[in-house]
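Visitor: Next comes work29.txt, compact mmCIF, C-alpha atoms:
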# COMPACT_ATOMS: atom_id res chain seq x y z
CA MET H 1 16.29 -2.33 4.60
CA LYS H 2 14.26 -5.50 4.25
CA GLU H 3 16.86 -8.27 4.48
CA ILE H 4 20.03 -8.76 6.49
CA CYS H 5 22.83 -11.05 5.32
CA ILE H 6 24.70 -12.55 8.27
CA PRO H 7 28.08 -14.24 7.70
CA ILE H 8 28.42 -17.24 10.02
CA ASN H 9 31.82 -18.79 10.56
CA LYS H 10 32.14 -22.57 10.74
CA LEU H 11 28.55 -23.51 10.02
CA ASN H 12 28.93 -27.08 8.83
CA GLU H 13 26.54 -28.68 6.39
CA ALA H 14 24.73 -30.75 9.00
CA GLU H 15 24.40 -28.09 11.65
CA ARG H 16 21.28 -26.17 12.60
CA ALA H 17 21.51 -22.42 13.13
CA GLU H 18 19.05 -20.57 15.34
CA LEU H 19 18.73 -16.81 15.09
CA GLU H 20 16.83 -14.36 17.23
CA VAL H 21 16.25 -10.89 15.87
CA ARG H 22 15.07 -8.19 18.25
CA LEU H 23 13.58 -5.12 16.60
CA SER H 24 14.22 -2.31 19.02
CA ASP H 25 11.39 0.02 18.02
CA ASN H 26 8.61 -2.17 19.37
CA ASP H 27 10.63 -4.80 21.17
CA GLN H 28 9.36 -7.43 18.74
CA ILE H 29 11.37 -10.64 18.50
CA GLN H 30 11.56 -12.75 15.34
CA ARG H 31 13.03 -16.24 15.51
CA TYR H 32 14.60 -18.04 12.56
CA ARG H 33 15.98 -21.53 12.08
CA LEU H 34 18.25 -22.76 9.34
CA GLU H 35 17.80 -26.52 9.09
CA SER H 36 20.03 -28.97 7.23
CA LEU H 37 18.50 -31.93 5.48
CA ASN H 38 20.80 -34.84 4.72
CA MET H 39 20.67 -36.23 1.18
CA THR H 40 23.84 -38.36 1.47
CA GLU H 41 22.30 -41.82 1.30
CA LEU H 42 20.29 -40.90 -1.79
CA LYS H 43 23.42 -40.53 -3.87
CA GLY H 44 23.72 -43.09 -6.64
CA SER H 45 20.06 -44.02 -6.52
CA GLU H 46 18.32 -44.41 -9.88
CA THR H 47 15.30 -42.52 -8.59
CA ILE H 48 17.32 -39.91 -6.77
CA SER H 49 15.28 -36.93 -7.96
CA THR H 50 11.96 -38.44 -6.88
CA MET H 51 13.43 -39.49 -3.55
CA ARG H 52 14.90 -36.04 -2.92
CA VAL H 53 11.55 -34.43 -3.57
CA GLU H 54 9.68 -36.93 -1.38
CA ARG H 55 12.15 -36.41 1.42
CA VAL H 56 11.81 -32.63 1.28
CA GLN H 57 8.00 -32.85 1.10
CA GLN H 58 7.88 -35.22 4.06
CA TYR H 59 10.25 -33.06 6.08
CA ILE H 60 8.22 -29.91 5.44
CA SER H 61 4.85 -31.53 6.13
CA SER H 62 6.02 -33.04 9.43
CA TYR H 63 7.71 -29.86 10.69
CA SER H 64 6.16 -28.02 13.61
CA THR H 65 3.31 -25.79 12.44
CA GLU H 66 4.58 -23.11 14.81
CA TRP H 67 7.19 -22.43 12.16
CA GLU H 68 6.66 -21.32 8.56
CA LEU H 69 8.96 -22.25 5.71
CA ILE H 70 10.62 -19.18 4.24
CA GLN H 71 13.14 -20.55 1.77
CA ILE H 72 14.71 -23.75 0.42
CA MET H 73 18.36 -23.47 -0.59
CA ASN H 74 20.85 -25.70 -2.35
CA SER H 75 24.13 -25.06 -0.56
CA SER H 76 26.28 -25.94 -3.58
CA GLU H 77 26.40 -28.16 -6.66
CA GLY H 78 26.39 -31.82 -5.60
CA ALA H 79 26.17 -30.97 -1.88
CA SER H 80 25.06 -33.67 0.54
CA TYR H 81 22.69 -31.37 2.37
CA ILE H 82 20.04 -28.87 1.45
CA HIS H 83 19.06 -26.03 3.75
CA LEU H 84 15.62 -24.83 4.80
CA LEU H 85 15.01 -21.49 6.46
CA TYR H 86 12.07 -21.28 8.87
CA ARG H 87 10.53 -18.35 10.77
CA LYS H 88 8.52 -18.80 13.94
CA ARG H 89 4.94 -17.70 13.48
CA THR H 90 3.87 -14.81 15.67
CA MET D 91 -7.08 -17.58 -14.61
CA LEU D 92 -4.26 -20.11 -15.06
CA ARG D 93 -4.36 -23.84 -14.48
CA THR D 94 -1.94 -26.68 -15.06
CA GLU D 95 -2.45 -30.40 -14.88
CA GLU D 96 0.50 -32.79 -14.62
CA LEU D 97 2.62 -30.16 -16.39
CA THR D 98 6.06 -31.50 -17.28
CA LYS D 99 8.93 -29.88 -19.11
CA ILE D 100 11.95 -31.84 -20.26
CA PHE D 101 14.95 -30.26 -21.98
CA ARG D 102 16.82 -32.66 -24.24
CA SER D 103 20.22 -32.19 -25.83
CA ASP D 104 22.13 -35.05 -27.51
CA GLU D 105 22.47 -37.53 -24.64
CA ILE D 106 21.39 -35.37 -21.73
CA GLU D 107 17.82 -35.12 -20.51
CA THR D 108 16.94 -32.57 -17.85
CA ILE D 109 13.56 -32.63 -16.17
CA ALA D 110 12.87 -28.97 -15.40
CA LEU D 111 9.27 -29.43 -14.25
CA SER D 112 7.60 -32.62 -13.18
CA ARG D 113 3.83 -33.16 -12.95
CA VAL D 114 3.02 -29.67 -11.70
CA ASN D 115 -0.62 -29.12 -10.73
CA LEU D 116 -1.34 -25.48 -10.00
CA ALA D 117 -4.11 -22.92 -10.32
CA VAL D 118 -3.84 -19.15 -10.12
CA ASP D 119 -7.05 -17.20 -9.58
CA ARG D 120 -7.91 -13.91 -11.25
CA GLY D 121 -6.66 -11.02 -9.08
CA GLU D 122 -4.26 -13.18 -7.14
CA PHE D 123 -0.63 -12.27 -6.35
CA VAL D 124 1.46 -15.44 -6.32
CA ALA D 125 5.17 -15.74 -5.53
CA ILE D 126 7.21 -18.69 -6.76
CA MET D 127 10.34 -19.49 -4.77
CA GLY D 128 12.95 -22.24 -4.69
CA PRO D 129 16.67 -22.88 -5.14
CA SER D 130 18.46 -21.95 -8.35
CA GLY D 131 17.68 -24.42 -11.13
CA CYS D 132 14.45 -25.71 -9.55
CA GLY D 133 12.29 -24.74 -12.56
CA LYS D 134 10.89 -21.35 -11.51
CA THR D 135 11.69 -19.47 -14.71
CA THR D 136 10.66 -22.43 -16.87
CA LEU D 137 7.25 -22.39 -15.19
CA LEU D 138 6.97 -18.63 -15.68
CA ASN D 139 7.88 -18.98 -19.37
CA ILE D 140 5.16 -21.59 -19.86
CA PHE D 141 2.65 -19.42 -17.98
CA GLY D 142 3.55 -16.56 -20.34
CA LEU D 143 3.33 -18.75 -23.46
CA LEU D 144 6.99 -18.16 -24.24
CA ASP D 145 7.51 -21.92 -24.05
CA ARG D 146 5.30 -24.98 -24.03
CA PRO D 147 5.23 -28.10 -21.87
CA SER D 148 6.59 -31.49 -22.93
CA SER D 149 3.49 -33.13 -21.49
CA GLY D 150 0.52 -32.30 -19.30
CA LYS D 151 -2.05 -29.56 -19.84
CA TYR D 152 -2.12 -25.79 -19.49
CA TRP D 153 -5.24 -23.62 -19.50
CA PHE D 154 -5.10 -19.84 -19.79
CA GLN D 155 -8.45 -18.20 -18.97
CA ASP D 156 -10.22 -21.52 -19.56
CA ASN D 157 -8.59 -21.95 -22.99
CA ASP D 158 -6.48 -25.04 -23.51
CA VAL D 159 -3.25 -23.48 -24.84
CA THR D 160 -1.05 -26.54 -24.36
CA ASN D 161 -0.43 -27.30 -27.98
CA LEU D 162 -0.51 -23.88 -29.60
CA ASN D 163 2.35 -23.31 -32.02
CA GLU D 164 4.70 -20.33 -31.67
CA LEU D 165 2.64 -18.00 -33.87
CA GLN D 166 -0.60 -18.92 -32.11
CA ARG D 167 1.03 -18.40 -28.70
CA THR D 168 2.30 -14.97 -29.75
CA LYS D 169 -1.14 -13.92 -30.94
CA PHE D 170 -2.81 -15.31 -27.85
CA ARG D 171 -0.58 -13.59 -25.27
CA ARG D 172 -0.50 -10.22 -27.08
CA GLY D 173 -2.24 -7.66 -24.90
CA LYS D 174 -3.07 -10.29 -22.28
CA VAL D 175 0.31 -10.78 -20.61
CA GLY D 176 2.91 -8.26 -19.45
CA PHE D 177 6.47 -9.34 -18.66
CA VAL D 178 8.93 -7.82 -16.18
CA PHE D 179 12.47 -9.20 -16.19
CA GLN D 180 15.36 -8.92 -13.76
CA SER D 181 17.55 -7.29 -16.41
CA PHE D 182 14.77 -4.87 -17.53
CA ASN D 183 15.12 -5.84 -21.24
CA LEU D 184 14.51 -2.30 -22.51
CA ILE D 185 15.52 -1.39 -26.05
CA GLU D 186 18.57 0.85 -25.76
CA GLU D 187 17.95 2.64 -29.08
CA LEU D 188 14.45 3.75 -28.08
CA SER D 189 13.50 6.53 -25.69
CA VAL D 190 11.49 5.87 -22.55
CA PHE D 191 8.33 6.98 -24.37
CA HIS D 192 8.93 4.71 -27.35
CA ASN D 193 9.86 1.70 -25.18
CA VAL D 194 6.57 2.01 -23.34
CA GLU D 195 4.66 2.67 -26.56
CA LEU D 196 5.93 -0.47 -28.31
CA PRO D 197 3.24 -3.00 -27.22
CA LEU D 198 0.53 -0.59 -28.41
CA LEU D 199 2.09 -0.46 -31.89
CA TYR D 200 1.83 -4.27 -32.12
CA LEU D 201 -1.82 -3.99 -31.09
CA GLY D 202 -2.56 -1.43 -33.83
CA ILE D 203 -3.66 1.33 -31.43
CA SER D 204 -3.98 4.79 -33.02
CA SER D 205 -1.26 7.40 -32.57
CA GLY D 206 -3.39 9.74 -30.45
CA GLU D 207 -4.55 6.95 -28.16
CA ARG D 208 -0.95 5.69 -27.81
CA LYS D 209 0.26 9.11 -26.75
CA ARG D 210 -2.55 9.48 -24.22
CA ARG D 211 -1.96 6.08 -22.66
CA VAL D 212 1.85 6.35 -22.53
CA THR D 213 1.63 9.79 -20.94
CA GLU D 214 -0.83 8.49 -18.37
CA ILE D 215 1.23 5.43 -17.41
CA LEU D 216 4.51 7.39 -17.25
CA GLU D 217 2.85 9.76 -14.80
CA LYS D 218 1.72 6.77 -12.75
CA VAL D 219 5.31 5.46 -12.45
CA ARG D 220 6.60 9.03 -11.91
CA LEU D 221 8.72 9.13 -15.06
CA ALA D 222 6.83 11.59 -17.25
CA HIS D 223 9.76 14.01 -16.99
CA ARG D 224 12.16 11.34 -18.36
CA ARG D 225 10.07 10.39 -21.41
CA LYS D 226 12.69 11.64 -23.89
CA ASN D 227 15.61 9.96 -22.12
CA PHE D 228 17.18 6.67 -23.21
CA PRO D 229 17.50 3.67 -20.87
CA ARG D 230 21.25 4.20 -20.28
CA GLN D 231 20.47 7.65 -18.89
CA LEU D 232 18.31 6.18 -16.13
CA SER D 233 19.08 4.48 -12.82
CA GLY D 234 18.29 0.78 -12.39
CA GLY D 235 15.14 1.57 -10.42
CA GLN D 236 13.94 4.00 -13.08
CA GLN D 237 14.64 1.44 -15.84
CA GLN D 238 12.58 -1.15 -14.01
CA ARG D 239 9.74 1.37 -13.63
CA VAL D 240 9.86 1.89 -17.41
CA ALA D 241 9.75 -1.90 -17.87
CA ILE D 242 6.70 -2.10 -15.62
CA ALA D 243 5.04 0.76 -17.51
CA ARG D 244 5.67 -1.15 -20.75
CA ALA D 245 4.31 -4.35 -19.20
CA VAL D 246 1.02 -2.74 -18.14
CA ILE D 247 0.46 -0.30 -21.02
CA SER D 248 -1.87 -2.74 -22.83
CA ASN D 249 -3.88 -3.33 -19.63
CA PRO D 250 -2.96 -7.03 -19.43
CA GLN D 251 -4.89 -9.25 -17.05
CA LEU D 252 -1.66 -10.97 -16.07
CA ILE D 253 1.83 -9.74 -15.18
CA LEU D 254 4.68 -12.23 -15.01
CA ALA D 255 7.70 -10.92 -13.13
CA ASP D 256 11.01 -12.79 -13.06
CA GLU D 257 13.17 -11.54 -10.16
CA PRO D 258 11.91 -7.95 -10.64
CA THR D 259 14.08 -6.58 -7.82
CA GLY D 260 17.09 -8.82 -8.44
CA ASN D 261 19.24 -6.04 -9.92
CA LEU D 262 18.07 -3.28 -7.61
CA ASP D 263 19.15 -1.89 -4.25
CA SER D 264 16.73 -2.25 -1.36
CA VAL D 265 15.18 1.22 -1.72
CA ASN D 266 14.45 0.85 -5.44
CA GLY D 267 13.42 -2.78 -4.89
CA GLU D 268 10.88 -1.68 -2.30
CA GLU D 269 9.49 0.90 -4.73
CA ILE D 270 9.08 -1.71 -7.48
CA MET D 271 7.35 -4.10 -5.08
CA ASN D 272 4.97 -1.34 -3.98
CA LEU D 273 4.20 -0.64 -7.64
CA LEU D 274 3.43 -4.31 -8.30
CA ALA D 275 1.28 -4.46 -5.16
CA GLN D 276 -0.61 -1.39 -6.34
CA LEU D 277 -1.23 -2.96 -9.77
CA ASN D 278 -2.49 -6.10 -8.07
CA ASN D 279 -4.72 -3.99 -5.85
CA ASP D 280 -6.19 -2.51 -9.04
CA GLY D 281 -7.09 -6.03 -10.22
CA THR D 282 -4.09 -7.30 -12.20
CA THR D 283 -3.10 -10.89 -11.54
CA ILE D 284 0.61 -11.19 -10.73
CA VAL D 285 2.88 -14.23 -10.74
CA MET D 286 6.39 -13.40 -9.55
CA VAL D 287 9.53 -15.51 -9.33
CA THR D 288 11.80 -14.37 -6.53
CA HIS D 289 14.65 -15.37 -4.24
CA SER D 290 13.68 -12.67 -1.78
CA PRO D 291 11.52 -13.75 1.19
CA ALA D 292 10.72 -10.07 1.84
CA ASP D 293 9.36 -9.62 -1.70
CA ALA D 294 7.45 -12.89 -1.47
CA ASP D 295 5.77 -11.62 1.71
CA LYS D 296 3.85 -9.14 -0.50
CA ALA D 297 2.07 -12.04 -2.24
CA HIS D 298 -1.18 -13.73 -1.28
CA ARG D 299 0.39 -17.14 -1.73
CA ILE D 300 3.92 -18.53 -1.89
CA ILE D 301 4.65 -21.65 -3.93
CA GLN D 302 7.91 -23.46 -3.16
CA LEU D 303 9.51 -25.44 -5.98
CA PHE D 304 12.24 -28.02 -5.53
CA ASP D 305 13.77 -30.14 -8.31
CA GLY D 306 10.89 -29.23 -10.62
CA HIS D 307 8.15 -30.22 -8.15
CA VAL D 308 5.79 -28.10 -6.08
CA VAL D 309 6.74 -29.14 -2.55
CA THR D 310 4.57 -26.76 -0.56
CA GLU D 311 2.24 -23.78 -0.80
CA ASN D 312 1.83 -21.14 1.88
CA ILE D 313 -1.18 -18.82 1.91
CA LYS D 314 -0.05 -15.49 3.35
CA LYS D 315 -3.18 -13.38 3.21
CA ALA D 316 -6.66 -13.27 1.73
CA MET D 317 -7.30 -11.63 -1.62
CA LYS D 318 -9.20 -8.36 -1.67
CA ALA D 319 -12.92 -9.04 -2.03
CA GLY D 320 -14.52 -8.25 -5.39
Show me this structure written as structure tokens.
Guide:
Amino acid sequence: MKEICIPINKLNEAERAELEVRLSDNDQIQRYRLESLNMTELKGSETISTMRVERVQQYISSYSTEWELIQIMNSSEGASYIHLLYRKRT
Amino acid sequence: MLRTEELTKIFRSDEIETIALSRVNLAVDRGEFVAIMGPSGCGKTTLLNIFGLLDRPSSGKYWFQDNDVTNLNELQRTKFRRGKVGFVFQSFNLIEELSVFHNVELPLLYLGISSGERKRRVTEILEKVRLAHRRKNFPRQLSGGQQQRVAIARAVISNPQLILADEPTGNLDSVNGEEIMNLLAQLNNDGTTIVMVTHSPADADKAHRIIQLFDGHVVTENIKKAMKAG
């Protein structure tokens, strides 16, 4: 198995989730973060697409280099937040 | 191997204009294994279709092996990609009426390869994907993993320099998905350039480089490992 899907109750759009996965065979720990990036104030802007992209690019480039970006996710159509999954570098 | 400059793709219908790709500047080197990730609707498949000459950009430039192929018409694109590009799709796209052997043989027919040479090459590739014993079966008689192995055999039968894979493990369980990824990694190890669209971080980890798309823009690139020398 290469991926685990974890259902999380009551994770609101703006909340950060931190996960720690311990692999028992070699006692290795992997740390993950699910970040939420607010896009609320960009709604209605004429240049919304450009601003969304710039915001995501800026967020990624200023994030701690101890973490690597794994995935960018749209939570749902028209959602106010997008989610970014990070993994701590080992 | 591939290079784009300010590549933009806009889909227009009546009053709606959708920017699928916006000013994408990318290069893929020969022998590289590149994964393209991003949320649904971010332009991944559109980029793959342009890379594979199935579609063309609205503006910007695209070079395939140092040839400017931006403005080729449909017939020219078909001729150009024939034998050079192999495609692997999430839904396999095998022809139900043809046996495994004849599905894999098909690209060689288009290339005008002789009957004896076709038989030799199909037999060889089916052995490589461990399906020689299923050569007379039809796609519906195979598991999903086996069907995808047939699709990969068909994609590589003409020895293309480039394989474009769109969610190749998307319809497979984890065991079969792992097998397909190992097969793609092996092909890359043998020198084939691979560009793969995926939602799976585990699959993307097999690549040398991961490109993240968002709203039609490249927002970041992550180099995972060095390419094999030579």
Visitor: Quick one: what's the axis-aligned box for segment 85-89 of chain H, all listed atoms, 6 Å on every side, centre and edges in Å to one decimal, as JSON?
Guide:
{"center_x": 10.0, "center_y": -19.6, "center_z": 10.2, "size_x": 22.1, "size_y": 15.8, "size_z": 19.5}
Visitor: Within 7 Å of chain H, which residues of chain D come that close, and what is the closest atom pair and distance in Å for each? Count all atoms listed in the file and give it as a Markdown table.
Guide:
| residue | atom | partner | partner_atom | distance |
| --- | --- | --- | --- | --- |
| D:Gly128 | CA | H:Ile72 | CA | 5.6 |
| D:Pro129 | CA | H:Met73 | CA | 4.9 |
| D:Ser264 | CA | H:Met1 | CA | 6.0 |
| D:Pro291 | CA | H:Ile70 | CA | 6.3 |
| D:Ala292 | CA | H:Lys2 | CA | 6.3 |
| D:Phe304 | CA | H:Val53 | CA | 6.7 |
| D:Asp305 | CA | H:Val53 | CA | 6.8 |
| D:Val309 | CA | H:Gln57 | CA | 5.4 |
Visitor: What would the file look like if the residues just selected were written as a JSON list (two decimals), in the coordinates of the input with C-alpha atoms?
Guide:
[["chain", "number", "residue", "atom", "x", "y", "z"],
["D", 128, "GLY", "CA", 12.95, -22.24, -4.69],
["D", 129, "PRO", "CA", 16.67, -22.88, -5.14],
["D", 264, "SER", "CA", 16.73, -2.25, -1.36],
["D", 291, "PRO", "CA", 11.52, -13.75, 1.19],
["D", 292, "ALA", "CA", 10.72, -10.07, 1.84],
["D", 304, "PHE", "CA", 12.24, -28.02, -5.53],
["D", 305, "ASP", "CA", 13.77, -30.14, -8.31],
["D", 309, "VAL", "CA", 6.74, -29.14, -2.55]]
Visitor: Set the distance at 12 Å and use all atoms listed in the file: which residues neighbour Arg113 of chain D once local chain neighbours fewer than 3 positions away are removed? I'd like the list as a list of chain:residue names.
Guide: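 After dropping sequence-adjacent residues, the list is H:Thr50, D:Thr94, D:Glu95, D:Glu96, D:Leu97, D:Thr98, D:Lys99, D:Ile100, D:Ile109, D:Ala110, D:Leu116, D:Gly133, D:Leu137, D:Pro147, D:Ser148, D:Ser149, D:Gly150, D:Lys151, D:Tyr152, D:Leu303, D:Asp305, D:Gly306, D:His307, D:Val308, D:Val309.
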Visitor: So, counting all atoms listed in the file, which residue among H:Cys5, H:Met51, H:Leu84, H:Leu19 is closest to Glu35 of chain H?
Guide: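 Selected residue with least distance to Glu35 of chain H: H:Leu84.
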Visitor: Could you check how far atom CA of Gly173 of chain D sits from atom CA of Pro250 of chain D, in Å to one decimal?
Guide: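 Pair atom CA of Gly173 of chain D / atom CA of Pro250 of chain D returns 5.6 Å.
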Visitor: Could you add the missing atoms to segment 171-184 of chain D, up to N, CA, C and O atoms, and return them as a tab-separated table (two decimals), in the coordinates of the input?
Guide:
chain	number	residue	atom	x	y	z
D	171	ARG	N	-1.05	-14.32	-26.47
D	171	ARG	CA	-0.58	-13.59	-25.27
D	171	ARG	C	-0.56	-12.07	-25.49
D	171	ARG	O	-0.53	-11.32	-24.53
D	172	ARG	N	-0.61	-11.64	-26.77
D	172	ARG	CA	-0.50	-10.22	-27.08
D	172	ARG	C	-1.63	-9.43	-26.40
D	172	ARG	O	-2.80	-9.71	-26.59
D	173	GLY	N	-1.25	-8.48	-25.59
D	173	GLY	CA	-2.24	-7.66	-24.90
D	173	GLY	C	-2.80	-8.29	-23.63
D	173	GLY	O	-3.46	-7.63	-22.84
D	174	LYS	N	-2.53	-9.60	-23.46
D	174	LYS	CA	-3.07	-10.29	-22.28
D	174	LYS	C	-2.03	-10.43	-21.18
D	174	LYS	O	-2.38	-10.54	-19.99
D	175	VAL	N	-0.75	-10.50	-21.57
D	175	VAL	CA	0.31	-10.78	-20.61
D	175	VAL	C	1.39	-9.70	-20.68
D	175	VAL	O	1.84	-9.35	-21.77
D	176	GLY	N	1.78	-9.19	-19.53
D	176	GLY	CA	2.91	-8.26	-19.45
D	176	GLY	C	4.07	-8.93	-18.74
D	176	GLY	O	3.87	-9.66	-17.77
D	177	PHE	N	5.28	-8.71	-19.25
D	177	PHE	CA	6.47	-9.34	-18.66
D	177	PHE	C	7.37	-8.30	-18.01
D	177	PHE	O	7.60	-7.22	-18.57
D	178	VAL	N	7.92	-8.65	-16.84
D	178	VAL	CA	8.93	-7.82	-16.18
D	178	VAL	C	10.11	-8.74	-15.86
D	178	VAL	O	9.93	-9.77	-15.21
D	179	PHE	N	11.29	-8.36	-16.34
D	179	PHE	CA	12.47	-9.20	-16.19
D	179	PHE	C	13.47	-8.57	-15.22
D	179	PHE	O	13.49	-7.35	-15.04
D	180	GLN	N	14.33	-9.41	-14.67
D	180	GLN	CA	15.36	-8.92	-13.76
D	180	GLN	C	16.27	-7.90	-14.44
D	180	GLN	O	16.66	-6.90	-13.85
D	181	SER	N	16.60	-8.16	-15.72
D	181	SER	CA	17.55	-7.29	-16.41
D	181	SER	C	16.85	-6.22	-17.27
D	181	SER	O	17.43	-5.69	-18.20
D	182	PHE	N	15.59	-5.94	-16.95
D	182	PHE	CA	14.77	-4.87	-17.53
D	182	PHE	C	14.39	-5.12	-18.99
D	182	PHE	O	13.26	-4.89	-19.38
D	183	ASN	N	15.37	-5.55	-19.82
D	183	ASN	CA	15.12	-5.84	-21.24
D	183	ASN	C	14.49	-4.67	-22.01
D	183	ASN	O	13.59	-4.87	-22.82
D	184	LEU	N	14.96	-3.46	-21.73
D	184	LEU	CA	14.51	-2.30	-22.51
D	184	LEU	C	15.33	-2.22	-23.79
D	184	LEU	O	16.45	-2.75	-23.86
